[in-house]
Amino acid sequence: MSSYPFKKIESKWQKLWEERGDHLVDMDATENKFYCLNMFGYPSGSQFHIGHWYQYGPADSYARFLKMRGYNVFQPQGFDAFGLPAENYAIKHGVHPAESTAKNIENMREQLKRMGGMYDWDHEVNTSSPEYYKWTQWLFLQLYEMGLAYQKEAPVNWCPSCVTVLANEQVQDGLCERCDSQVTKRSLKQWFFRITEYAEELLTRLDQLQWPEKTKHMQRNWIGKSIGSSIKFKIKEFDGEIEVFTTRADTLYGATYFVLAPEHHLVKIITKPDRLAEVTDYIEATRKKTEIERTSIDREKTGVFTGAYVINPLSGRELPVWIADYVIASYGTGAIMAVPSGDERDFEFARKFDLDIIEVVTPDGIEQGSNTCFTEYGIVVNSGDYNGMTSLAAQEAINRKLSEMGIGGRKIQYKLHDWLISRQRYWGAPIPVVHCDKCGAVPVPKKQLPVLLPDQIELKQTYGDDISPLAHNEEFMQVNCPKCGNSAQRDPDTMDTFVCSSWYYLRYPHAKYKDFAFDINRMDWLPVDQYIGGVEHATMHLLYARFITKALRDAGLLKFDEPFTKLFHQGTITKDGAKMSKSKGNTVSPDDFIEKYGADTFRNYLMFMGPYDEGGDWNDKGITGIHRFLNKIWRICHFSESPAAKSDLRILHQTIKMVTGDLENMKFNTAISRIMELVNHINLKETVDRQTRRTLILLLAPLAPHIAEELWQLAGNAQSVFREKWPVYDPKLAESEEMKIALQVNGKLRGELVVDKTISKADLTALAKQHRNLSLHLQGKEILREIVVPGRLINFVVR
């Protein structure tokens with residue numbers, strides 16, 4: 001028989017599924033609902049590459065499997081259509097982002113249909129459509145009303161050559177990816193979401209999530225809870241204080257100097273006139289460094305003395321105030337008390353600049369000398385009333401004292417920063433705020449949403465001093481103040497695209513609902529039961545979605561705490577060891593392979609490459625083997641029928657059991673391998689019984705939906721194979737006829753045997769003695785006892 005006609009079959013079934021509405025979901029049937037969601041794609045390129053297929057293909061197989069298990073599966077699809085990559089794509093190709101995005105979405109939608117995806121396209125979302133971003137703007141206003149959105153000055157990446165702001169992704173090793181110029185920092189007024197208000201809940205609720213431990217660990221580190229002390233240091237000759245946070249209040253008497261981040265707002269205020277020029281030069285030099293460079297442990301420490309001093313609140317010692325780039329303004333208070341005897345960085349800095357080192361903690365309370373750095377807990381020395389205390393006891397005592405003095409005490413701090421959402425870009429959701437000289441920042445009334453992006457816009461790489469493209473559109477910018485009616489200006493920035501994706505899962509079940517972002521009276525489909533996507537989103541999208549969910553819950557709009565009940569991360573498909581990306585130009589298009597082998601073959605080859613949560617390096621040499629496998633199934637289903645032998649039924653039911661378990665855990669590669677073993681067994685016989693053929697098609701269906709539908713129809717079935725129930729194995733038939741027996745000598749494992757379950761004790765003992773490794777350990781020994789634990793082990797006691 002010739003190769004099966006995959007082109008004809010796949011085209012036929014894709015058309016039939018759409019005509020019959022096979023993938024449309026009854027949203028009123030929520031009793032056995034399963035909301036299976038894949039992270040939506042970015043239409044920043046003209047088509048999906050193999051990496052996208054790897055994300056969507058296996059996930060669709062999982063959704064189809066669940067449907068056959070009796071679930072009412074809702075698997076929607078949409079497009080994360082705003083953002084810098086889409087805008088740059090449009091600039092590069094000389095078209096409007098709306099035009100290029102719409103065309104790319106059309107291409108990608110067709111690719112997903114050609115893949116055979118079971119998507120309910122009646123619930124598609126597109127974040128760049130006004131119908132969607134109207135509600136993204138509503139979300140901003142909701143957070144603003146709750147006190148969770150605010151504006152302040154913040155540094156951004158600035159390329160002086162391109163004269164533009166750069167996203168973090170556009171900065172490579174401190175250089176502009178466009179022109180290789182040194183990137184600096186520039187302060188701009190920016191909008192933030194107060195995610196830090198939820199830091200503790202975001203942290204504690206992680207324990208209850210059915211998420212990969214790696215992802216939860218990444219979020220815990222990102223949130224970064226620290227329990228320590230707040231200490232205020234009075235500035236000498238100034239009416240003011242500087243607060244620091246430290247986890248080692250027990251070392252307070254060892255502070256010999258004080259360090260401010262170069263960006264700290266007090267630096268130029270407290271710097272002495274004779275030090276100002278050097279301090280200013282150092283600040284400018286720091287602007288050219290990335291945070292990674294600045295905080296690297298290995299780099300040589302640099303710094304400049306400001307001429308100012310602060311007073312140690314307990315010892316009364318005057319501490320010189322330096323600025324140094326290893327202190328970051330955005331972490332903590334942007335200031336540290338430097339304890340050279342207890343911190344390696346402070347120690348190196350003090351040695352370099354000849355600053356005092358006072359030993360305050362030692363392992364045993366005996367001073368070791370001022371040229372040592374001891375970073376562990378121990379016994380406190382040279383610390384006044386606290387001498388002889390353990391580090392923990394000293395911390396508690398010092399915290400009480402600071403609290404009594406009204407200058408500090410115990411404090412919890414988080415590394416998590418508030419979410420900066422302003423973007424100086426055109427292709428995004430406009431921030432719904434008007435700036436009025438009289439009223440200040442005024443939110444746009446909700447009834448006036450959406451604030452539409454202007455169609456007429458000149459897009460280019462540089463915009464001069466007004467760095468936001470929208471700032472150059474007078475018609476968009478000029479508006480009357482909603483509060484006083486005077487002339488005012490719109491906010492020229494757009495929102496971070498992570499705002500769009502932070503709530504999109506709420507929109508899918510209500511994609512066409514016009515009265516609100518979602519129908520609060522029809523929320524039974526939420527939260528998402530299974531979320532699938534890349535681990536690279538662990539500390540951004542996944543964290544932001546959790547924050548927005550909790551904020552909307554507190555607004556009384558949601559009755560659940562977390563957006564995604566279960567989470568699975570697919571692995572990464574690499575090319576020659578490097579991650580595939582459009583920017584690297586190493587992507588592989590799936591279209592040629594689909595044309596040559598078909599979508600079912602391509603999907604199965606991706607799943608067979610390795611564990612779904614690991615991925616692998618792309619190599620197309622093995623795809624012909626998968627194509628032969630599907631052709632073999634095609635031939636088998638055309639074999640003549642014969643009665644089933646008991647041995648055939650045993651293999652069949654073992655296969656059902658193993659494939660079911662594998663698919664439940666998204667172990668697609670081993671599921672395919674199990675089916676291959678069954679196929680090879682049948683192929684040797686060249687006949688097949690009716691039950692085996694029927695079951696084989698059902699097992700194959702989630703993995704290769706097109707060929708399974710065709711074979712199911714050819715077998716005389718009228719309705720879709722996906723309306724059939726998943727096969728159930730007989731536990732007795734699925735039992736293995738063999739068992740593993742551990743071989744021990746004096747209780748130590750010396751080997752293993754696989755034997756028939758019906759083997760006698762005498763035969764097992766005789767067979768064990770013939771085992772090569774075990775026989776070596778018995779050689780020259782007297783066997784005192786032979787202990788047989790049925791079904792588990794045999795132990796020879798010797799001397």
# chains A, B, ... in the order shown; residues from 1 in each chain; ligands from 1

$ closest_atom_pairs --of "stretch 32-90 of chain A" --to "stretch 659-680 of chain A" --cutoff "9 Å" --atoms "only C-alpha atoms" --output "Markdown table"
| residue | atom | partner | partner_atom | distance |
| --- | --- | --- | --- | --- |
| A:Pro58 | CA | A:Phe668 | CA | 7.4 |
| A:Ala59 | CA | A:Met666 | CA | 8.2 |
| A:Ser61 | CA | A:Leu663 | CA | 8.6 |
| A:Tyr62 | CA | A:Leu663 | CA | 6.7 |
| A:Phe65 | CA | A:Leu663 | CA | 7.4 |
| A:Leu66 | CA | A:Glu664 | CA | 8.5 |

$ residues_around --residues "stretch 739-743 of chain A" --least-positions-apart "6" --cutoff "7 Å" --atoms "only C-alpha atoms" --output "list in words"
Leu749, Arg750, Gly751, Glu752, Leu753, Val754, Val755, Asp756, Lys757, Gly791, Arg792, Leu793, Ile794 and Asn795 of chain A

$ write_last_selection --atoms "C-alpha atoms" --output "compact mmCIF listing (two decimals), in the first residue's frame"
# COMPACT_ATOMS: atom_id res chain seq x y z
CA LEU A 749 22.15 -5.68 46.43
CA ARG A 750 24.19 -7.69 43.93
CA GLY A 751 21.87 -7.84 40.94
CA GLU A 752 18.34 -8.08 39.57
CA LEU A 753 16.29 -10.66 37.68
CA VAL A 754 13.16 -10.31 35.55
CA VAL A 755 11.18 -13.55 35.88
CA ASP A 756 7.73 -14.97 35.24
CA LYS A 757 5.29 -14.36 38.09
CA GLY A 791 7.53 -10.92 44.45
CA ARG A 792 10.37 -8.79 45.85
CA LEU A 793 13.77 -10.32 46.59
CA ILE A 794 15.95 -13.28 47.41
CA ASN A 795 18.73 -12.88 49.99

$ closest_residue --among "A:Thr101, A:Gln413, A:Thr136, A:Gln47" --to "A:Arg507" --atoms "only C-alpha atoms"
A:Thr136

$ residues_around --residues "A:Leu314" --least-positions-apart "4" --cutoff "10 Å" --atoms "only C-alpha atoms" --output "ChimeraX atom specification"
/A:233,252-253,383-384,398,401-402,405

$ closest_residue --among "A:Glu474, A:Asp617, A:Glu124, A:Glu458" --to "A:Glu87" --atoms "only C-alpha atoms"
A:Glu458

$ residues_around --residues "stretch 291-295 of chain A" --least-positions-apart "6" --cutoff "12 Å" --atoms "only C-alpha atoms" --output "PyMOL selection string"
chain A and resi 157+168+171-174+184-185+261-262+285+301-303+324-331+345

$ write_last_selection --atoms "C-alpha atoms" --output "JSON list (two decimals), in the first residue's frame"
[["chain", "number", "residue", "atom", "x", "y", "z"],
["A", 157, "ASN", "CA", 17.72, 53.28, 29.37],
["A", 168, "ASN", "CA", 15.81, 46.42, 28.59],
["A", 171, "VAL", "CA", 20.48, 46.75, 25.80],
["A", 172, "GLN", "CA", 23.20, 44.15, 25.32],
["A", 173, "ASP", "CA", 26.19, 44.30, 27.68],
["A", 174, "GLY", "CA", 25.52, 47.98, 28.31],
["A", 184, "THR", "CA", 23.10, 55.64, 29.85],
["A", 185, "LYS", "CA", 20.29, 56.29, 32.32],
["A", 261, "ALA", "CA", 23.89, 54.98, 45.53],
["A", 262, "PRO", "CA", 25.10, 57.56, 42.99],
["A", 285, "ALA", "CA", 30.27, 57.39, 34.73],
["A", 301, "LYS", "CA", 35.26, 48.52, 43.83],
["A", 302, "THR", "CA", 35.11, 52.22, 42.99],
["A", 303, "GLY", "CA", 33.71, 55.20, 44.87],
["A", 324, "ALA", "CA", 29.73, 53.84, 45.18],
["A", 325, "ASP", "CA", 28.15, 52.09, 42.23],
["A", 326, "TYR", "CA", 27.83, 48.75, 44.02],
["A", 327, "VAL", "CA", 24.89, 50.27, 45.92],
["A", 328, "ILE", "CA", 21.73, 50.39, 43.79],
["A", 329, "ALA", "CA", 19.12, 53.10, 44.32],
["A", 330, "SER", "CA", 16.21, 50.82, 43.52],
["A", 331, "TYR", "CA", 17.10, 48.24, 46.17],
["A", 345, "ARG", "CA", 32.36, 44.01, 49.51]]

$ select_by_dssp --residues "stretch 457-585 of chain A" --states "helix (DSSP H, G or I)" --output "VMD selection string"
chain A and resid 469 to 472 474 to 477 497 to 501 504 to 510 535 to 537 541 to 554

$ residues_around --residues "A:Phe560" --least-positions-apart "5" --cutoff "10 Å" --atoms "only C-alpha atoms" --output "list in words"
Leu526, Pro527, Thr549, Lys550, Leu552 and Arg553 of chain A

$ write_last_selection --atoms "C-alpha atoms" --output "compact mmCIF listing (two decimals), in the first residue's frame"
# COMPACT_ATOMS: atom_id res chain seq x y z
CA LEU A 526 -12.58 30.58 36.02
CA PRO A 527 -9.86 30.31 37.14
CA THR A 549 -6.11 38.84 40.07
CA LYS A 550 -5.66 39.70 43.74
CA LEU A 552 -9.55 42.65 41.23
CA ARG A 553 -10.54 40.28 44.03

$ closest_residue --among "A:Val244, A:Leu416, A:Val267, A:Leu84" --to "A:Leu202" --atoms "only C-alpha atoms"
A:Leu416

$ select_by_dssp --residues "stretch 495-538 of chain A" --states "strand (DSSP E)" --output "list in words"
Met495, Val528, Asp529, Gln530, Tyr531, Ile532 and Gly533 of chain A

$ atom_distance --atom1 "atom CA of A:Gln142" --atom2 "atom CA of A:Trp222"
25.7 Å

$ residues_around --residues "A:Thr539" --least-positions-apart "6" --cutoff "12 Å" --atoms "only C-alpha atoms" --output "number ranges by chain"
A: 202, 214-224, 416-417, 419, 498, 545-547

$ atom_distance --atom1 "atom CA of A:Ile697" --atom2 "atom CA of A:Lys685"
17.9 Å

$ atom_distance --atom1 "atom CA of A:Met607" --atom2 "atom CA of A:Arg628"
15.6 Å
